$ cat upload04.txt   # compact mmCIF, C-alpha atoms (C1' of nucleotides)
# COMPACT_ATOMS: atom_id res chain seq x y z
CA MET A 249 101.77 113.81 73.80
CA ASP A 250 99.52 114.40 76.77
CA HIS A 251 101.64 112.31 79.05
CA THR A 252 98.98 111.81 81.75
CA LYS A 253 99.80 108.42 83.19
CA LEU A 254 97.65 105.50 82.16
CA THR A 255 95.86 103.41 84.76
CA GLN A 256 96.05 99.63 84.55
CA SER A 257 92.55 99.54 83.22
CA LEU A 258 93.25 102.07 80.47
CA GLU A 259 96.38 100.15 79.51
CA ASP A 260 94.21 97.08 79.05
CA TYR A 261 91.75 98.91 76.83
CA LEU A 262 94.52 100.44 74.74
CA GLU A 263 96.25 97.09 74.33
CA MET A 264 93.00 95.42 73.33
CA VAL A 265 92.30 98.04 70.66
CA HIS A 266 95.73 97.31 69.27
CA MET A 267 95.26 93.54 69.34
CA LEU A 268 91.86 93.69 67.66
CA ARG A 269 93.21 95.93 64.94
CA LEU A 270 96.09 93.55 64.34
CA ALA A 271 93.71 90.60 64.29
CA ASN A 272 90.68 92.04 62.49
CA GLY A 273 91.79 95.37 61.13
CA LEU A 274 88.93 96.90 63.08
CA ALA A 275 88.33 97.45 66.79
CA ARG A 276 84.63 97.67 67.52
CA VAL A 277 83.30 98.71 70.90
CA LYS A 278 81.32 95.54 71.18
CA ASP A 279 84.35 93.34 70.53
CA ILE A 280 86.56 95.26 72.92
CA ALA A 281 83.90 94.78 75.59
CA ALA A 282 83.56 91.06 74.87
CA ALA A 283 87.31 90.50 74.84
CA LEU A 284 87.81 92.22 78.18
CA GLY A 285 84.69 90.83 79.81
CA VAL A 286 83.02 94.19 80.44
CA LYS A 287 79.93 95.94 79.07
CA MET A 288 79.91 98.42 76.22
CA PRO A 289 79.40 101.54 78.34
CA SER A 290 82.60 100.76 80.21
CA VAL A 291 84.44 100.73 76.90
CA ALA A 292 82.79 104.00 75.88
CA LYS A 293 83.98 105.70 79.07
CA ALA A 294 87.48 104.34 78.66
CA MET A 295 87.59 105.58 75.07
CA VAL A 296 86.62 109.07 76.23
CA GLU A 297 89.68 109.06 78.49
CA LEU A 298 92.01 107.67 75.85
CA LYS A 299 90.76 110.25 73.38
CA LYS A 300 91.44 113.02 75.89
CA MET A 301 94.97 111.70 76.17
CA GLY A 302 95.39 111.67 72.42
CA LEU A 303 95.92 107.92 72.21
CA VAL A 304 92.86 106.89 70.20
CA ARG A 305 90.65 108.38 67.54
CA GLN A 306 87.04 107.50 66.84
CA GLU A 307 84.30 108.87 64.65
CA PRO A 308 81.00 108.72 66.55
CA TYR A 309 79.15 105.42 66.27
CA SER A 310 82.04 103.61 64.65
CA GLY A 311 85.21 101.66 65.35
CA VAL A 312 88.23 102.80 67.33
CA GLU A 313 91.63 103.64 65.87
CA LEU A 314 95.00 104.39 67.44
CA THR A 315 96.87 107.63 67.02
CA GLU A 316 100.59 107.40 66.39
CA GLU A 317 101.33 107.97 70.02
CA GLY A 318 98.67 105.41 70.91
CA GLU A 319 100.26 102.89 68.60
CA ARG A 320 103.63 103.48 70.19
CA VAL A 321 102.31 103.03 73.74
CA ALA A 322 100.16 100.04 72.83
CA ALA A 323 103.08 98.31 71.14
CA MET A 324 105.15 98.77 74.28
CA ILE A 325 102.45 97.21 76.44
CA LEU A 326 101.94 94.37 73.99
CA ASN A 327 105.67 93.67 73.98
CA ARG A 328 105.63 93.40 77.75
CA HIS A 329 102.71 91.03 77.46
CA ILE A 330 104.51 88.83 74.97
CA LEU A 331 107.71 88.84 77.01
CA LEU A 332 105.89 87.86 80.20
CA LYS A 333 103.77 85.20 78.55
CA GLY A 334 106.87 83.61 77.04
CA PHE A 335 108.57 83.77 80.37
CA LEU A 336 105.74 82.00 82.16
CA ILE A 337 105.52 79.36 79.47
CA LYS A 338 109.23 78.76 79.89
CA LEU A 339 108.56 78.13 83.57
CA GLY A 340 106.02 75.47 82.59
CA VAL A 341 102.78 77.40 82.97
CA SER A 342 99.99 76.44 80.57
CA GLU A 343 99.29 78.83 77.74
CA ALA A 344 95.87 80.02 78.89
CA ILE A 345 97.07 80.78 82.40
CA ALA A 346 100.31 82.32 81.11
CA ASP A 347 98.22 84.66 78.99
CA LYS A 348 95.98 85.64 81.87
CA ASP A 349 98.80 86.15 84.38
CA ALA A 350 100.92 88.03 81.84
CA CYS A 351 97.97 90.36 81.45
CA SER A 352 98.00 91.12 85.17
CA MET A 353 101.76 91.34 85.49
CA GLU A 354 102.28 93.63 82.53
CA HIS A 355 100.93 96.63 84.45
CA ILE A 356 102.73 96.31 87.73
CA LEU A 357 106.33 95.20 87.26
CA SER A 358 109.19 97.65 87.59
CA ALA A 359 111.55 98.31 84.71
CA GLU A 360 114.29 96.52 86.60
CA THR A 361 112.31 93.31 86.97
CA LEU A 362 111.19 93.42 83.35
CA GLY A 363 114.83 93.80 82.34
CA LYS A 364 115.90 90.80 84.37
CA ILE A 365 113.10 88.72 82.92
CA GLU A 366 114.24 89.74 79.47
CA ASP A 367 117.78 88.68 80.37
CA PHE A 368 116.42 85.37 81.59
CA VAL A 369 114.34 84.68 78.50
CA LYS A 370 116.49 86.01 75.69
CA PRO A 371 120.06 85.00 76.48
CA THR A 372 118.79 81.53 77.18
CA ASP A 373 117.54 81.47 73.62
CA ALA A 374 120.86 82.84 72.42
CA ILE A 375 122.87 80.27 74.34
CA SER A 376 120.78 77.34 73.26
CA SER A 377 120.97 78.61 69.71
CA ALA A 378 124.71 79.10 70.04
CA LYS A 379 125.10 75.52 71.09
CA LYS A 380 123.48 74.29 67.96
CA LEU A 381 124.11 77.15 65.58
CA LYS A 382 126.34 80.17 65.36
CA PRO A 383 126.75 82.81 68.05
CA ALA A 384 123.74 85.12 68.04
CA ALA A 385 123.86 88.92 67.99
CA LYS A 386 124.41 90.82 71.19
CA ASN A 387 121.40 92.35 72.79
CA GLY A 388 121.82 95.73 74.43
CA LYS A 389 118.20 96.65 74.66
CA LYS A 390 117.10 98.63 77.63
CA ALA A 391 113.73 99.19 79.24
CA GLY A 392 112.02 102.41 80.08
CA GLU A 393 112.08 104.03 83.51
CA LYS A 394 109.17 103.75 85.85
CA MET B 160 85.03 82.13 108.88
CA ASP B 161 83.19 84.84 106.98
CA HIS B 162 84.84 83.86 103.75
CA THR B 163 84.09 87.11 101.87
CA LYS B 164 86.94 87.45 99.44
CA LEU B 165 89.73 89.86 100.26
CA THR B 166 90.59 92.65 97.86
CA GLN B 167 94.24 93.27 97.02
CA SER B 168 94.24 96.26 99.28
CA LEU B 169 92.83 94.36 102.24
CA GLU B 170 95.39 91.61 101.68
CA ASP B 171 98.10 94.23 101.96
CA TYR B 172 96.72 95.57 105.21
CA LEU B 173 96.35 92.10 106.68
CA GLU B 174 99.86 91.13 105.68
CA MET B 175 101.27 94.32 107.14
CA VAL B 176 99.56 93.72 110.47
CA HIS B 177 101.17 90.31 110.52
CA MET B 178 104.62 91.64 109.62
CA LEU B 179 104.51 94.39 112.23
CA ARG B 180 103.46 91.94 114.90
CA LEU B 181 106.27 89.61 113.97
CA ALA B 182 108.74 92.51 113.96
CA ASN B 183 107.52 94.60 116.90
CA GLY B 184 104.98 92.46 118.68
CA LEU B 185 102.53 95.31 118.13
CA ALA B 186 100.75 96.64 115.05
CA ARG B 187 99.80 100.28 115.59
CA VAL B 188 97.54 102.11 113.15
CA LYS B 189 100.17 104.77 112.66
CA ASP B 190 102.87 102.25 111.77
CA ILE B 191 100.63 100.32 109.41
CA ALA B 192 99.86 103.59 107.65
CA ALA B 193 103.52 104.59 107.43
CA ALA B 194 104.61 101.18 106.18
CA LEU B 195 102.01 101.14 103.42
CA GLY B 196 102.36 104.81 102.51
CA VAL B 197 98.77 105.75 103.32
CA LYS B 198 97.12 107.95 105.96
CA MET B 199 95.66 106.71 109.21
CA PRO B 200 92.00 107.00 108.23
CA SER B 201 92.60 104.61 105.35
CA VAL B 202 93.94 102.07 107.85
CA ALA B 203 90.96 102.63 110.13
CA LYS B 204 88.54 101.91 107.28
CA ALA B 205 90.44 98.83 106.24
CA MET B 206 90.42 97.55 109.81
CA VAL B 207 86.65 97.97 109.97
CA GLU B 208 86.39 95.66 106.95
CA LEU B 209 88.86 93.11 108.30
CA LYS B 210 87.02 93.09 111.63
CA LYS B 211 83.72 92.45 109.85
CA MET B 212 85.38 89.51 108.16
CA GLY B 213 86.66 88.18 111.46
CA LEU B 214 90.31 88.46 110.52
CA VAL B 215 91.49 91.08 113.02
CA ARG B 216 90.61 92.15 116.53
CA GLN B 217 91.14 95.59 118.01
CA GLU B 218 90.15 97.30 121.24
CA PRO B 219 89.21 100.90 120.46
CA TYR B 220 92.11 103.33 120.39
CA SER B 221 94.73 100.63 120.53
CA GLY B 222 96.82 98.25 118.41
CA VAL B 223 95.54 95.65 115.99
CA GLU B 224 95.71 91.89 116.51
CA LEU B 225 94.98 88.94 114.25
CA THR B 226 92.33 86.34 114.91
CA GLU B 227 93.27 82.74 114.30
CA GLU B 228 91.72 82.82 110.88
CA GLY B 229 93.48 86.12 110.22
CA GLU B 230 96.79 84.63 111.20
CA ARG B 231 96.22 81.71 108.88
CA VAL B 232 95.35 83.92 105.91
CA ALA B 233 98.13 86.42 106.62
CA ALA B 234 100.71 83.65 106.85
CA MET B 235 99.60 82.38 103.44
CA ILE B 236 100.00 85.81 101.89
CA LEU B 237 103.36 86.35 103.56
CA ASN B 238 104.57 83.01 102.25
CA ARG B 239 103.65 84.03 98.75
CA HIS B 240 105.52 87.26 99.29
CA ILE B 241 108.63 85.47 100.47
CA LEU B 242 108.49 82.99 97.62
CA LEU B 243 108.14 85.72 95.00
CA LYS B 244 110.80 87.93 96.50
CA GLY B 245 113.25 85.03 96.54
CA PHE B 246 112.33 84.23 92.98
CA LEU B 247 112.99 87.77 91.78
CA ILE B 248 116.28 87.95 93.65
CA LYS B 249 117.27 84.72 91.97
CA LEU B 250 116.61 86.43 88.64
CA GLY B 251 119.00 89.19 89.66
CA VAL B 252 116.56 91.86 90.80
CA SER B 253 117.80 94.11 93.62
CA GLU B 254 116.34 93.47 97.03
CA ALA B 255 114.32 96.68 97.33
CA ILE B 256 112.70 96.24 93.93
CA ALA B 257 112.17 92.53 94.50
CA ASP B 258 110.30 93.38 97.67
CA LYS B 259 108.13 95.98 95.97
CA ASP B 260 107.33 93.83 92.93
CA ALA B 261 106.69 90.76 95.07
CA CYS B 262 104.17 92.87 96.93
CA SER B 263 102.31 93.60 93.70
CA MET B 264 102.58 90.09 92.29
CA GLU B 265 101.43 88.31 95.42
CA HIS B 266 97.82 89.36 94.83
CA ILE B 267 97.37 88.56 91.19
CA LEU B 268 99.11 85.33 90.23
CA SER B 269 97.18 82.14 89.68
CA ALA B 270 97.84 79.05 91.74
CA GLU B 271 99.36 77.38 88.71
CA THR B 272 101.94 80.09 88.17
CA LEU B 273 102.78 80.19 91.88
CA GLY B 274 103.31 76.45 91.77
CA LYS B 275 105.67 76.67 88.82
CA ILE B 276 107.62 79.44 90.50
CA GLU B 277 107.92 77.25 93.56
CA ASP B 278 109.21 74.42 91.38
CA PHE B 279 111.72 76.80 89.86
CA VAL B 280 113.01 78.16 93.14
CA LYS B 281 113.13 75.08 95.34
CA PRO B 282 114.66 72.30 93.23
CA THR B 283 117.32 74.76 92.10
CA ASP B 284 118.38 75.05 95.72
CA ALA B 285 118.57 71.28 96.04
CA ILE B 286 120.57 70.90 92.85
CA SER B 287 123.02 73.65 93.62
CA SER B 288 123.51 72.21 97.09
CA ALA B 289 124.11 68.81 95.59
CA LYS B 290 126.71 70.25 93.25
CA LYS B 291 128.73 71.89 96.00
CA LEU B 292 128.29 69.26 98.67
CA LYS B 293 128.21 65.53 98.56
CA PRO B 294 125.26 63.83 97.00
CA ALA B 295 122.76 64.04 99.80
CA ALA B 296 121.01 60.77 99.05
CA LYS B 297 117.58 60.81 100.69
CA ASN B 298 118.45 63.49 103.13
CA GLY B 299 115.61 65.67 101.97
CA LYS B 300 114.74 69.26 102.41
CA LYS B 301 116.12 71.07 105.38
CA ALA B 302 116.58 74.28 103.43
CA GLY B 303 113.10 74.62 102.01
CA GLU B 304 110.41 75.05 104.58
CA LYS B 305 106.86 75.88 103.70
C1' DA C 220 61.50 104.97 51.98
C1' DC C 221 60.46 102.57 56.25
C1' DT C 222 61.19 99.66 59.99
C1' DC C 223 63.68 97.71 63.40
C1' DA C 224 67.46 95.23 65.43
C1' DA C 225 72.01 95.79 66.62
C1' DA C 226 75.81 98.89 67.86
C1' DG C 227 76.96 102.85 70.20
C1' DT C 228 76.15 106.54 73.70
C1' DT C 229 74.63 109.01 77.84
C1' DA C 230 73.05 109.36 82.49
C1' DG C 231 73.05 107.98 86.89
C1' DA C 232 73.96 104.32 90.61
C1' DT C 233 77.27 101.60 93.21
C1' DA C 234 81.58 100.04 95.20
C1' DA C 235 86.39 100.37 96.52
C1' DA C 236 90.15 103.02 98.06
C1' DT C 237 91.97 106.95 98.94
C1' DC C 238 92.26 111.76 100.94
C1' DT C 239 91.48 116.13 104.27
C1' DA C 240 89.32 118.14 108.16
C1' DA C 241 87.49 117.82 112.37
C1' DC C 242 86.57 115.30 116.39
C1' DT C 243 87.74 111.98 120.53
C1' DG C 244 90.49 109.39 123.70
C1' DT C 245 94.95 108.51 126.23
C1' DA C 246 98.87 109.13 128.68
C1' DA C 247 103.07 111.76 129.73
C1' DA C 248 104.85 116.23 131.47
C1' DA C 249 104.05 120.07 133.99
C1' DT D 241 95.66 117.01 138.69
C1' DT D 242 95.48 119.43 134.75
C1' DT D 243 97.13 120.22 130.26
C1' DT D 244 98.30 118.98 125.89
C1' DA D 245 100.38 116.52 122.13
C1' DC D 246 99.71 112.61 119.69
C1' DA D 247 97.26 108.35 118.28
C1' DG D 248 93.00 106.94 116.70
C1' DT D 249 88.31 107.74 114.72
C1' DT D 250 84.46 109.61 112.00
C1' DA D 251 82.44 112.17 108.32
C1' DG D 252 82.38 113.52 103.93
C1' DA D 253 84.69 114.50 99.32
C1' DT D 254 87.15 112.57 95.28
C1' DT D 255 88.69 109.29 91.84
C1' DT D 256 88.39 105.15 89.21
C1' DA D 257 85.94 101.50 87.33
C1' DT D 258 82.25 99.17 86.85
C1' DC D 259 77.14 98.38 86.13
C1' DT D 260 71.90 98.97 84.37
C1' DA D 261 68.50 101.50 81.96
C1' DA D 262 67.23 104.40 78.59
C1' DC D 263 68.36 106.90 74.62
C1' DT D 264 70.31 107.59 69.57
C1' DT D 265 72.29 106.26 65.29
C1' DT D 266 73.21 103.19 61.52
C1' DG D 267 72.32 100.19 58.06
C1' DA D 268 70.07 95.77 56.25
C1' DG D 269 65.81 93.78 54.65
C1' DT D 270 61.52 94.59 53.07

$ encode --input "upload04.txt" --output "structure tokens"
Amino acid sequence: MDHTKLTQSLEDYLEMVHMLRLANGLARVKDIAAALGVKMPSVAKAMVELKKMGLVRQEPYSGVELTEEGERVAAMILNRHILLKGFLIKLGVSEAIADKDACSMEHILSAETLGKIEDFVKPTDAISSAKKLKPAAKNGKKAGEK
Amino acid sequence: MDHTKLTQSLEDYLEMVHMLRLANGLARVKDIAAALGVKMPSVAKAMVELKKMGLVRQEPYSGVELTEEGERVAAMILNRHILLKGFLIKLGVSEAIADKDACSMEHILSAETLGKIEDFVKPTDAISSAKKLKPAAKNGKKAGEK
DNA sequence: ACTCAAAGTTAGATAAATCTAACTGTAAAA
DNA sequence: TTTTACAGTTAGATTTATCTAACTTTGAGT
């Protein structure tokens, strides 16, 4: 709701909350810190910001949850991450490095570039599927504006 | 010589000095600022840092020059920029956006990913040349220069 | 119920990168 | 030669993101 724009760093925190909740059901401050390679007070400060923006919820001294809006935004970021990681792997990059570089790229690329990368990754799948199987569904998805 | 690591921002300034000198022969503080979309005092501060690191030289109240080391580092960054811009254009991204996104990507990608992108861009040139022209036997790479 | 270690928070320091405002130097026009 | 506009610089404020140190809360083990 509060559409103040997220910094790269806040995008990382939000995404990590989402990933930990998907993986563990619970996003604890300590685990967020460990996963991002920062200390707990850095997480606490970031959570204050994300709370102000209405993206996360947290009862004092307990784990972090996403609001609906937070879930929506986090899912978008995670999708970018997955797209970029797949893209890099398709180029031959090792998984660990693909993951790390996707994490950097996901915050900086324009909508246009993301769209072209999607075109590169997805239709290739469709074509290679089509060669072996039946024609796949058309894909008219479009990215957000920057 | 002072191998203190460059921040992304300082890499941008260094690269811009190099580009302006290639384009105009002269890198003025005002033009660096305009090209990067910052104000002159930001350039002045950045130049203080780059001077400390032995990468640029500047007589007070005049244009900025690169030291030998600065030239070497700047050329490396510019090469990354050119590689990435070409890569994005090959994916179908418009030139202006390719330039902007290359500028962001050039500071964050790992060596491995840069290598794979190089593999993707360069051999494709060779193959597409080979398809249109005669098989070029051992003729090698006149198109791709590093 | 009490203790105490671990998780979480708060406060304050530091570093990087930017800005505005005010100052200084330079060189072209008068 | 003097003025003056513009390029460059310096000083200090602001924002973001991190840290360490010190505090508070929670809950598990006794």

$ interface_residues --input "upload04.txt" --of "chain B" --to "chain A" --cutoff "10 Å" --atoms "only C-alpha atoms" --output "PyMOL selection string"
chain B and resi 247-253+256-257+259-264+266-276+278-279

$ atom_distance --input "upload04.txt" --atom1 "atom C1' of DA257 of chain D" --atom2 "atom CA of Tyr309 of chain A"
22.5 Å

$ closest_atom_pairs --input "upload04.txt" --of "chain B" --to "chain C" --cutoff "12 Å" --atoms "all atoms listed in the file" --output "JSON lines"
{"residue": "B:Leu165", "atom": "CA", "partner": "C:DA235", "partner_atom": "C1'", "distance": 11.6}
{"residue": "B:Thr166", "atom": "CA", "partner": "C:DA235", "partner_atom": "C1'", "distance": 8.9}
{"residue": "B:Gln167", "atom": "CA", "partner": "C:DA235", "partner_atom": "C1'", "distance": 10.6}
{"residue": "B:Ser168", "atom": "CA", "partner": "C:DA236", "partner_atom": "C1'", "distance": 8.0}
{"residue": "B:Leu169", "atom": "CA", "partner": "C:DA236", "partner_atom": "C1'", "distance": 10.0}
{"residue": "B:Gly196", "atom": "CA", "partner": "C:DT237", "partner_atom": "C1'", "distance": 11.2}
{"residue": "B:Val197", "atom": "CA", "partner": "C:DT237", "partner_atom": "C1'", "distance": 8.2}
{"residue": "B:Lys198", "atom": "CA", "partner": "C:DC238", "partner_atom": "C1'", "distance": 8.0}
{"residue": "B:Met199", "atom": "CA", "partner": "C:DC238", "partner_atom": "C1'", "distance": 10.3}
{"residue": "B:Pro200", "atom": "CA", "partner": "C:DC238", "partner_atom": "C1'", "distance": 8.7}
{"residue": "B:Ser201", "atom": "CA", "partner": "C:DT237", "partner_atom": "C1'", "distance": 6.9}
{"residue": "B:Val202", "atom": "CA", "partner": "C:DT237", "partner_atom": "C1'", "distance": 10.3}
{"residue": "B:Lys204", "atom": "CA", "partner": "C:DA236", "partner_atom": "C1'", "distance": 9.4}
{"residue": "B:Ala205", "atom": "CA", "partner": "C:DA236", "partner_atom": "C1'", "distance": 9.2}
{"residue": "B:Glu208", "atom": "CA", "partner": "C:DA235", "partner_atom": "C1'", "distance": 11.4}
{"residue": "B:Pro219", "atom": "CA", "partner": "C:DG244", "partner_atom": "C1'", "distance": 9.2}
{"residue": "B:Tyr220", "atom": "CA", "partner": "C:DG244", "partner_atom": "C1'", "distance": 7.1}
{"residue": "B:Ser221", "atom": "CA", "partner": "C:DT245", "partner_atom": "C1'", "distance": 9.7}

$ interface_residues --input "upload04.txt" --of "chain D" --to "chain A" --cutoff "9 Å" --atoms "all atoms listed in the file" --output "ChimeraX atom specification"
/D:256-259,265-266

$ atom_distance --input "upload04.txt" --atom1 "atom C1' of DG248 of chain D" --atom2 "atom CA of Tyr172 of chain B"
16.6 Å

$ atom_distance --input "upload04.txt" --atom1 "atom CA of Glu174 of chain B" --atom2 "atom CA of Lys244 of chain B"
14.6 Å

$ decode --input "upload04.txt" --residues "chain D" --atoms "C-alpha atoms (C1' of nucleotides)" --output "compact mmCIF listing (two decimals), in the first residue's frame"
# COMPACT_ATOMS: atom_id res chain seq x y z
C1' DT D 241 43.27 45.89 -16.70
C1' DT D 242 39.33 45.06 -14.42
C1' DT D 243 35.17 42.61 -14.05
C1' DT D 244 32.51 38.75 -13.90
C1' DA D 245 30.57 34.37 -15.14
C1' DC D 246 31.62 29.84 -14.86
C1' DA D 247 34.39 25.78 -13.47
C1' DG D 248 36.18 23.75 -9.55
C1' DT D 249 36.59 23.10 -4.45
C1' DT D 250 35.49 22.73 0.48
C1' DA D 251 32.49 22.21 4.34
C1' DG D 252 28.85 20.28 6.36
C1' DA D 253 24.18 17.87 6.26
C1' DT D 254 21.56 13.70 4.94
C1' DT D 255 20.56 8.93 3.81
C1' DT D 256 21.46 4.11 3.77
C1' DA D 257 23.56 0.18 5.51
C1' DT D 258 26.35 -1.82 8.24
C1' DC D 259 28.74 -2.80 12.79
C1' DT D 260 29.66 -3.44 18.23
C1' DA D 261 28.16 -3.12 22.86
C1' DA D 262 24.82 -3.20 26.05
C1' DC D 263 20.20 -4.02 27.22
C1' DT D 264 15.59 -6.92 27.49
C1' DT D 265 12.67 -10.80 26.86
C1' DT D 266 11.62 -15.62 26.47
C1' DG D 267 11.57 -20.15 27.58
C1' DA D 268 14.08 -24.60 28.90
C1' DG D 269 16.20 -27.08 32.64
C1' DT D 270 16.69 -27.46 37.25
